[in-house]
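Structure data (mmCIF, N, CA and C atoms) from coords31.cif:
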```cif
data_query
loop_
_atom_site.label_atom_id
_atom_site.label_comp_id
_atom_site.auth_asym_id
_atom_site.auth_seq_id
_atom_site.Cartn_x
_atom_site.Cartn_y
_atom_site.Cartn_z
N MET A 351 2.72 1.89 -28.13
CA MET A 351 1.76 0.90 -27.69
C MET A 351 2.44 -0.46 -27.65
N ALA A 352 2.32 -1.13 -26.52
CA ALA A 352 2.95 -2.44 -26.37
C ALA A 352 2.15 -3.50 -27.12
N LEU A 353 2.88 -4.35 -27.82
CA LEU A 353 2.23 -5.44 -28.54
C LEU A 353 1.87 -6.59 -27.62
N PHE A 354 2.70 -6.78 -26.61
CA PHE A 354 2.47 -7.88 -25.68
C PHE A 354 2.35 -7.31 -24.28
N LYS A 355 1.35 -7.75 -23.58
CA LYS A 355 1.14 -7.30 -22.22
C LYS A 355 1.87 -8.25 -21.29
N LYS A 356 2.78 -7.71 -20.49
CA LYS A 356 3.53 -8.54 -19.56
C LYS A 356 2.62 -8.96 -18.43
N ARG A 357 2.52 -10.23 -18.21
CA ARG A 357 1.68 -10.79 -17.15
C ARG A 357 2.51 -10.90 -15.88
N THR A 358 1.98 -10.37 -14.79
CA THR A 358 2.68 -10.50 -13.52
C THR A 358 2.50 -11.92 -13.01
N VAL A 359 3.55 -12.50 -12.53
CA VAL A 359 3.52 -13.88 -12.05
C VAL A 359 3.70 -13.87 -10.55
N GLY A 360 2.81 -14.54 -9.86
CA GLY A 360 2.90 -14.62 -8.42
C GLY A 360 3.15 -16.04 -7.97
N LYS A 361 3.47 -16.16 -6.72
CA LYS A 361 3.69 -17.48 -6.13
C LYS A 361 2.42 -17.90 -5.40
N PRO A 362 2.08 -19.17 -5.46
CA PRO A 362 0.93 -19.63 -4.69
C PRO A 362 1.14 -19.31 -3.21
N GLY A 363 0.10 -18.87 -2.56
CA GLY A 363 0.20 -18.53 -1.14
C GLY A 363 0.55 -17.08 -0.88
N GLU A 364 0.84 -16.30 -1.92
CA GLU A 364 1.06 -14.86 -1.74
C GLU A 364 -0.26 -14.16 -2.02
N TRP A 365 -0.64 -13.30 -1.11
CA TRP A 365 -1.92 -12.60 -1.21
C TRP A 365 -1.68 -11.11 -1.37
N TYR A 366 -2.53 -10.48 -2.13
CA TYR A 366 -2.44 -9.04 -2.41
C TYR A 366 -3.80 -8.39 -2.23
N TYR A 367 -3.79 -7.09 -1.97
CA TYR A 367 -5.02 -6.32 -1.95
C TYR A 367 -4.97 -5.37 -3.13
N CYS A 368 -5.93 -5.50 -4.04
CA CYS A 368 -5.98 -4.65 -5.22
C CYS A 368 -6.71 -3.35 -4.89
N LEU A 369 -6.03 -2.23 -5.05
CA LEU A 369 -6.60 -0.92 -4.77
C LEU A 369 -7.59 -0.50 -5.84
N GLU A 370 -7.41 -0.98 -7.04
CA GLU A 370 -8.30 -0.64 -8.17
C GLU A 370 -9.66 -1.33 -8.03
N HIS A 371 -9.63 -2.63 -7.73
CA HIS A 371 -10.87 -3.41 -7.67
C HIS A 371 -11.39 -3.61 -6.25
N LYS A 372 -10.59 -3.15 -5.26
CA LYS A 372 -10.96 -3.26 -3.84
C LYS A 372 -11.27 -4.70 -3.46
N LYS A 373 -10.34 -5.59 -3.81
CA LYS A 373 -10.52 -7.01 -3.50
C LYS A 373 -9.18 -7.68 -3.23
N VAL A 374 -9.27 -8.81 -2.55
CA VAL A 374 -8.09 -9.62 -2.26
C VAL A 374 -7.89 -10.59 -3.42
N GLU A 375 -6.64 -10.79 -3.80
CA GLU A 375 -6.34 -11.72 -4.88
C GLU A 375 -5.12 -12.57 -4.50
N GLU A 376 -5.16 -13.82 -4.90
CA GLU A 376 -4.02 -14.71 -4.66
C GLU A 376 -3.10 -14.59 -5.85
N GLY A 377 -1.86 -14.25 -5.58
CA GLY A 377 -0.94 -13.97 -6.68
C GLY A 377 -1.33 -12.63 -7.28
N PRO A 378 -0.39 -11.90 -7.81
CA PRO A 378 -0.74 -10.59 -8.37
C PRO A 378 -1.50 -10.73 -9.68
N GLU A 379 -2.73 -10.24 -9.68
CA GLU A 379 -3.52 -10.22 -10.90
C GLU A 379 -3.45 -8.85 -11.56
N CYS A 380 -3.26 -7.83 -10.74
CA CYS A 380 -3.23 -6.46 -11.23
C CYS A 380 -1.80 -5.91 -11.15
N PRO A 381 -1.54 -4.81 -11.86
CA PRO A 381 -0.20 -4.21 -11.84
C PRO A 381 0.23 -3.79 -10.43
N ALA A 382 1.52 -3.77 -10.20
CA ALA A 382 2.08 -3.44 -8.88
C ALA A 382 1.61 -2.07 -8.40
N LYS A 383 1.41 -1.14 -9.30
CA LYS A 383 0.99 0.22 -8.90
C LYS A 383 -0.40 0.24 -8.28
N ASP A 384 -1.16 -0.84 -8.48
CA ASP A 384 -2.54 -0.89 -8.00
C ASP A 384 -2.74 -1.86 -6.85
N ARG A 385 -1.68 -2.28 -6.18
CA ARG A 385 -1.88 -3.28 -5.14
C ARG A 385 -0.93 -3.11 -3.95
N PHE A 386 -1.37 -3.63 -2.81
CA PHE A 386 -0.55 -3.76 -1.62
C PHE A 386 -0.20 -5.23 -1.47
N GLY A 387 0.98 -5.52 -0.98
CA GLY A 387 1.33 -6.91 -0.72
C GLY A 387 2.74 -7.19 -1.19
N PRO A 388 3.19 -8.38 -1.06
CA PRO A 388 2.42 -9.58 -0.73
C PRO A 388 2.23 -9.76 0.77
N TYR A 389 1.13 -10.43 1.10
CA TYR A 389 0.82 -10.83 2.47
C TYR A 389 0.88 -12.35 2.54
N SER A 390 1.09 -12.87 3.74
CA SER A 390 1.24 -14.31 3.89
C SER A 390 -0.09 -15.05 4.00
N SER A 391 -1.18 -14.31 4.20
CA SER A 391 -2.48 -14.97 4.30
C SER A 391 -3.57 -14.08 3.70
N ARG A 392 -4.68 -14.71 3.37
CA ARG A 392 -5.83 -13.98 2.84
C ARG A 392 -6.34 -12.98 3.89
N GLU A 393 -6.40 -13.42 5.14
CA GLU A 393 -6.91 -12.57 6.22
C GLU A 393 -6.05 -11.31 6.38
N GLU A 394 -4.75 -11.48 6.28
CA GLU A 394 -3.84 -10.33 6.40
C GLU A 394 -4.08 -9.35 5.25
N ALA A 395 -4.27 -9.87 4.04
CA ALA A 395 -4.53 -9.01 2.88
C ALA A 395 -5.88 -8.30 3.01
N GLU A 396 -6.85 -8.96 3.63
CA GLU A 396 -8.17 -8.35 3.82
C GLU A 396 -8.10 -7.11 4.71
N HIS A 397 -7.09 -7.04 5.55
CA HIS A 397 -6.92 -5.91 6.48
C HIS A 397 -5.87 -4.91 5.98
N ALA A 398 -5.53 -4.96 4.72
CA ALA A 398 -4.48 -4.10 4.17
C ALA A 398 -4.81 -2.62 4.33
N MET A 399 -6.05 -2.24 4.09
CA MET A 399 -6.40 -0.82 4.20
C MET A 399 -6.37 -0.35 5.65
N GLU A 400 -6.79 -1.19 6.59
CA GLU A 400 -6.70 -0.84 8.01
C GLU A 400 -5.25 -0.63 8.42
N LEU A 401 -4.39 -1.54 8.00
CA LEU A 401 -2.97 -1.44 8.31
C LEU A 401 -2.38 -0.16 7.72
N ALA A 402 -2.76 0.17 6.50
CA ALA A 402 -2.26 1.39 5.87
C ALA A 402 -2.73 2.63 6.64
N ARG A 403 -4.00 2.64 7.08
CA ARG A 403 -4.51 3.77 7.86
C ARG A 403 -3.74 3.91 9.18
N GLU A 404 -3.49 2.78 9.85
CA GLU A 404 -2.75 2.81 11.11
C GLU A 404 -1.33 3.34 10.89
N ARG A 405 -0.67 2.87 9.85
CA ARG A 405 0.70 3.32 9.58
C ARG A 405 0.72 4.80 9.21
N ASN A 406 -0.26 5.25 8.43
CA ASN A 406 -0.33 6.68 8.08
C ASN A 406 -0.52 7.53 9.32
N LEU A 407 -1.40 7.09 10.22
CA LEU A 407 -1.63 7.85 11.45
C LEU A 407 -0.36 7.91 12.30
N GLU A 408 0.34 6.79 12.41
CA GLU A 408 1.61 6.78 13.15
C GLU A 408 2.59 7.76 12.54
N TRP A 409 2.68 7.78 11.22
CA TRP A 409 3.62 8.67 10.55
C TRP A 409 3.21 10.13 10.74
N GLU A 410 1.91 10.41 10.61
CA GLU A 410 1.43 11.79 10.73
C GLU A 410 1.61 12.34 12.14
N THR A 411 1.58 11.47 13.14
CA THR A 411 1.70 11.94 14.52
C THR A 411 3.10 11.73 15.10
N ASP A 412 4.03 11.25 14.31
CA ASP A 412 5.40 11.03 14.78
C ASP A 412 6.15 12.35 14.76
N PRO A 413 6.57 12.85 15.90
CA PRO A 413 7.24 14.16 15.94
C PRO A 413 8.56 14.17 15.17
N ARG A 414 9.16 13.01 14.94
CA ARG A 414 10.42 12.99 14.20
C ARG A 414 10.24 13.35 12.73
N TRP A 415 9.00 13.28 12.21
CA TRP A 415 8.77 13.53 10.79
C TRP A 415 8.26 14.93 10.51
N HIS A 416 8.10 15.73 11.52
CA HIS A 416 7.63 17.10 11.31
C HIS A 416 8.81 18.05 11.39
N ASP A 417 8.78 19.03 10.52
CA ASP A 417 9.84 20.03 10.53
C ASP A 417 9.75 20.86 11.80
N ALA A 418 10.88 21.25 12.30
CA ALA A 418 10.92 22.13 13.47
C ALA A 418 10.42 23.51 13.05
N PRO A 419 9.75 24.21 13.95
CA PRO A 419 9.29 25.56 13.62
C PRO A 419 10.47 26.45 13.26
N ARG A 420 10.25 27.32 12.32
CA ARG A 420 11.31 28.24 11.89
C ARG A 420 11.49 29.33 12.94
N PRO A 421 12.71 29.83 13.08
CA PRO A 421 12.99 30.85 14.10
C PRO A 421 12.14 32.12 13.94
N ASP A 422 11.77 32.44 12.69
CA ASP A 422 10.98 33.66 12.48
C ASP A 422 9.49 33.43 12.70
N GLY A 423 9.11 32.19 13.05
CA GLY A 423 7.71 31.89 13.33
C GLY A 423 6.90 31.56 12.11
N ASP A 424 7.51 31.66 10.94
CA ASP A 424 6.81 31.38 9.68
C ASP A 424 7.01 29.89 9.35
N ASP A 425 5.92 29.11 9.43
CA ASP A 425 6.01 27.67 9.18
C ASP A 425 5.82 27.32 7.72
N VAL A 426 5.61 28.29 6.86
CA VAL A 426 5.40 28.02 5.44
C VAL A 426 6.75 27.94 4.74
N ALA A 427 6.95 26.88 4.00
CA ALA A 427 8.24 26.71 3.29
C ALA A 427 8.25 27.48 2.01
#
```
Translate the structure described by the file into C-alpha cells.
Amino acid sequence: MALFKKRTVGKPGEWYYCLEHKKVEEGPECPAKDRFGPYSSREEAEHAMELARERNLEWETDPRWHDAPRPDGDDVA
C-alpha cells in the first residue's frame, strides 16, 4: 500500500477526457489509465469518444490489419 499518492501534474491549456467519470478536465485529474488526451482545446476533448469510435472503425475495416485467409480455408487460429 502506497503511503503517498502521486498527483499527476498537467499543464494549463491541456485538456483530457476522463473515461471513468465521463467528463472533460483541464490538466490530468485522473490516472493516465482512465483518460484520453491531451487535447489542445476543451471542444476537442469533448469529442474524444467520437474520435475513438471513428478510429476504431477505420482500423476494423482496414484490409491491411486483417489476416489473410489460410490456404486450408480454416480462419480460426
### Query
Near A:Ala402, counting only C-alpha atoms, which residues have an atom at most 12 Å away, once you skip same-chain residues fewer than 4 positions from it, shown as a PyMOL selection string?
chain A and resi 367+369+385-387+394-398+406-409
Selection from above, N, CA and C atoms, as a short mmCIF file (atom, residue, chain, number, x, y, z; two decimals), keeping the file's coordinate frame, can you write it?
```cif
data_model
loop_
_atom_site.label_atom_id
_atom_site.label_comp_id
_atom_site.auth_asym_id
_atom_site.auth_seq_id
_atom_site.Cartn_x
_atom_site.Cartn_y
_atom_site.Cartn_z
N TYR A 367 -3.79 -7.09 -1.97
CA TYR A 367 -5.02 -6.32 -1.95
C TYR A 367 -4.97 -5.37 -3.13
N LEU A 369 -6.03 -2.23 -5.05
CA LEU A 369 -6.60 -0.92 -4.77
C LEU A 369 -7.59 -0.50 -5.84
N ARG A 385 -1.68 -2.28 -6.18
CA ARG A 385 -1.88 -3.28 -5.14
C ARG A 385 -0.93 -3.11 -3.95
N PHE A 386 -1.37 -3.63 -2.81
CA PHE A 386 -0.55 -3.76 -1.62
C PHE A 386 -0.20 -5.23 -1.47
N GLY A 387 0.98 -5.52 -0.98
CA GLY A 387 1.33 -6.91 -0.72
C GLY A 387 2.74 -7.19 -1.19
N GLU A 394 -4.75 -11.48 6.28
CA GLU A 394 -3.84 -10.33 6.40
C GLU A 394 -4.08 -9.35 5.25
N ALA A 395 -4.27 -9.87 4.04
CA ALA A 395 -4.53 -9.01 2.88
C ALA A 395 -5.88 -8.30 3.01
N GLU A 396 -6.85 -8.96 3.63
CA GLU A 396 -8.17 -8.35 3.82
C GLU A 396 -8.10 -7.11 4.71
N HIS A 397 -7.09 -7.04 5.55
CA HIS A 397 -6.92 -5.91 6.48
C HIS A 397 -5.87 -4.91 5.98
N ALA A 398 -5.53 -4.96 4.72
CA ALA A 398 -4.48 -4.10 4.17
C ALA A 398 -4.81 -2.62 4.33
N ASN A 406 -0.26 5.25 8.43
CA ASN A 406 -0.33 6.68 8.08
C ASN A 406 -0.52 7.53 9.32
N LEU A 407 -1.40 7.09 10.22
CA LEU A 407 -1.63 7.85 11.45
C LEU A 407 -0.36 7.91 12.30
N GLU A 408 0.34 6.79 12.41
CA GLU A 408 1.61 6.78 13.15
C GLU A 408 2.59 7.76 12.54
N TRP A 409 2.68 7.78 11.22
CA TRP A 409 3.62 8.67 10.55
C TRP A 409 3.21 10.13 10.74
#
```
### Message
What's the separation between atom C of A:Asp412 and atom N of A:Tyr389, in Å to one decimal place?
### Response
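Interatomic distance, atom C of A:Asp412 to atom N of A:Tyr389: 27.0 Å.
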### Query
What is the atom N of A:Val374-atom C of A:Pro362 distance in Å, reported with one decimal?
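These atoms are spaced 14.8 Å apart.
Here atom CA of A:Arg392 is placed at a distance of 19.7 Å from atom CA of A:Arg405.
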### Task
Kindly resolve the PyMOL selection byres ((chain A and resi 364) around 8) on the present coordinates and return the residues as a PyMOL selection string.
chain A and resi 360-363+365-367+375-378+387-392
### Query
Restricting the calculation to only C-alpha atoms, which member of A:Glu410, A:Trp415, A:Glu404, A:Cys368 is positioned closest to A:Pro381?
A:Cys368
### Message
Write out as a list in words the set of residues from stretch 351-402 of chain A that DSSP, computed on the backbone, places in strand (DSSP E or B).
### Response
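Strand (DSSP E or B) assignments inside stretch 351-402 of chain A correspond to Trp365, Tyr366, Tyr367, Cys368, Lys373, Val374, Glu375, Glu376, Arg385, Phe386, Gly387, Pro388 and Tyr389 of chain A.
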